[in-house]
Amino acid sequence: MSGAGAASGSGVWKKDSVKDVAESVGIANLPDEVAVALAGDVEYRLWEIIEVRSFLPFPPSNELSRSHLLALLQESIKFMRHGRRTRLKVDDVDHALKAKNLEPLWGFASTSHLPFKKTATPTGTVYHVEDEELDLGKVLKTDLPSVPRDISFTAHWLAIEGVQPLVKENPSPAELAKFAPRAAAATSTTALAGTSSATGPSTVTPLVKHVLSRELQLYFTRLTEALAMPGAAGAEMRNAALGSVRSDPGLHQLVPYLVAWGGEQIANHLDDLGVLQRALDLFHAMMENPTLFIEPYLHQLTPPVLTCLLTSSLPQAAPGTYPTPAGIRTSASSLLHLLLSRHSLAYPSLRPRITKTLLKGLGGEGRGLGGRWGAARGLKGIIGEEGGNKAVREWIGGGLKTLGELIAAEEEMEEGQRDEVVAEILSVLQLSLLPSQSSEDDGSTPPLDELESRYGPLFGAAILEQWDKYGRAIYDAVPGANAEAEAEAAADDAMEE
């Protein structure tokens, strides 16, 4: 009984009250232990009702819904208190429903913020969301939306060599700028702070659209170091490096860097034949690698090759040394032929533009004998073994006399250099002839005066000297400047008559 007394004394609801209620319903002599247990249960239920009643806006309709609602609200209040809040939310009720494994409420979430309207009905008060009233006249006058397109599929280039083309399917540069990493921009700004402080803010555009890995950076450093080793001591290292460039399938990201490095070597070392030869060997190795995509970099690869052909500032090589200026220009001509044979079909304007540049180098003033010889060797590479080129045939054949005067005015750097230039030009002219333009040899040879009047003293003597080799073919196919003038004059006289 001491325990019962302690229990009855500690609670608000006394066991005597429980016995009084039991006697009123016909239960006499209720044991003290039962009365104490019932008193505790009644007190718990009273506290539950009092606590939940403070959150109820209206009383439940029946006992079943009352018990369910009280249990749900009690569980919701627990979630409210765990959330350190004093206001009950719809999310708390949702969590309570999930905790009791009941179906959640479907409709409006707590984030909808829809105003509820109170409406009194004969059956009671109803809370509902007010519906928007629509004017049927305005709805009927409103233009109908356009009919959506049928589902279709199309293909476009997402990226080519890591660069996104500017097509309507791809995001624009302004859209891409929104997602650019800020950390990279901050790093670039910090790195350029020293240079931009004096000249003002500047925008740096990267030369390529990708970043090299540490392995490729190390490979590029070792490769350029091996290619830059001069003399016979570094020949083995150079051959190994060129062999790697020629056969390695994983160098596509290094193509712009290798092209830029080779172009810088040629532009800055025109007085060093060894450096020029190594740069051209690198370009040859890149062209021979079938896995490298060279087309996007043709505009960077072509100028250094043409520089080796047309420059007049190549130094003279010592007797018995390698490479020689003629060897450099021959290697550049071979590279130009390889480049055009692979890419001239995809770029129809490439061959005419290069041909025009070489013809200007051949017939320009002050080009030097070396530059003219290189231009002729380049034209020979353009024509190729198949032969036949109308532009080259008409330009050179119609201006041999003037071209001979320009060559005669040039100063020879070596003995016999002028004769080599003349022979190379006539060789190009022979290749430009069509096979049908060659005629049968009747054994007659024109006099030197006639050849000199047609082609000038320099080329006339050379054609007569090589009459059996290619002189007769040129004589039959190329009338020369005087012959063309005489033919035009005869045509004018015939029209007048």
# chains A, B, ... in the order shown; residues from 1 in each chain; ligands from 1

$ residues_around --residues "A:Gln417" --least-positions-apart "6" --cutoff "10 Å" --atoms "only C-alpha atoms" --output "number ranges by chain"
A: 369-370, 373, 411, 423

$ write_last_selection --atoms "N, CA and C atoms" --output "mmCIF file, in the first residue's frame"
data_model
loop_
_atom_site.group_PDB
_atom_site.id
_atom_site.type_symbol
_atom_site.label_atom_id
_atom_site.label_comp_id
_atom_site.auth_asym_id
_atom_site.auth_seq_id
_atom_site.Cartn_x
_atom_site.Cartn_y
_atom_site.Cartn_z
ATOM 1 N N LEU A 369 68.279 33.862 -106.496
ATOM 2 C CA LEU A 369 68.288 32.616 -107.250
ATOM 3 C C LEU A 369 67.823 31.435 -106.406
ATOM 4 N N GLY A 370 68.173 31.438 -105.121
ATOM 5 C CA GLY A 370 67.734 30.343 -104.246
ATOM 6 C C GLY A 370 66.228 30.311 -104.081
ATOM 7 N N TRP A 373 64.662 29.066 -107.338
ATOM 8 C CA TRP A 373 64.823 27.625 -107.477
ATOM 9 C C TRP A 373 63.844 26.882 -106.553
ATOM 10 N N GLU A 411 72.373 37.863 -108.628
ATOM 11 C CA GLU A 411 73.775 37.548 -108.354
ATOM 12 C C GLU A 411 73.898 36.097 -107.917
ATOM 13 N N ALA A 423 67.395 25.252 -115.463
ATOM 14 C CA ALA A 423 67.056 23.847 -115.715
ATOM 15 C C ALA A 423 65.833 23.425 -114.897
#

$ residues_around --residues "stretch 322-324 of chain A" --least-positions-apart "3" --cutoff "7 Å" --atoms "only C-alpha atoms" --output "PDB file with C-alpha atoms, in the first residue's frame"
ATOM      1  CA  LEU A 273      69.888  24.516 -91.808  1.00  0.00           C
ATOM      2  CA  GLY A 274      69.915  21.778 -89.172  1.00  0.00           C
ATOM      3  CA  ALA A 317      76.446  24.832 -96.466  1.00  0.00           C
ATOM      4  CA  GLY A 327      67.984  19.550 -99.615  1.00  0.00           C
ATOM      5  CA  ILE A 328      65.874  21.797 -97.369  1.00  0.00           C
TER       6      ILE A 328
END

$ residues_around --residues "A:His343" --least-positions-apart "4" --cutoff "12 Å" --atoms "only C-alpha atoms" --output "PyMOL selection string"
chain A and resi 287+293-299+302+336-339+347-351

$ closest_residue --among "A:Gly381, A:Val259, A:Ser312, A:Arg278" --to "A:Ala235" --atoms "only C-alpha atoms"
A:Arg278

$ select_by_dssp --residues "stretch 227-359 of chain A" --states "alpha helix (DSSP H)" --output "count of residues only"
86
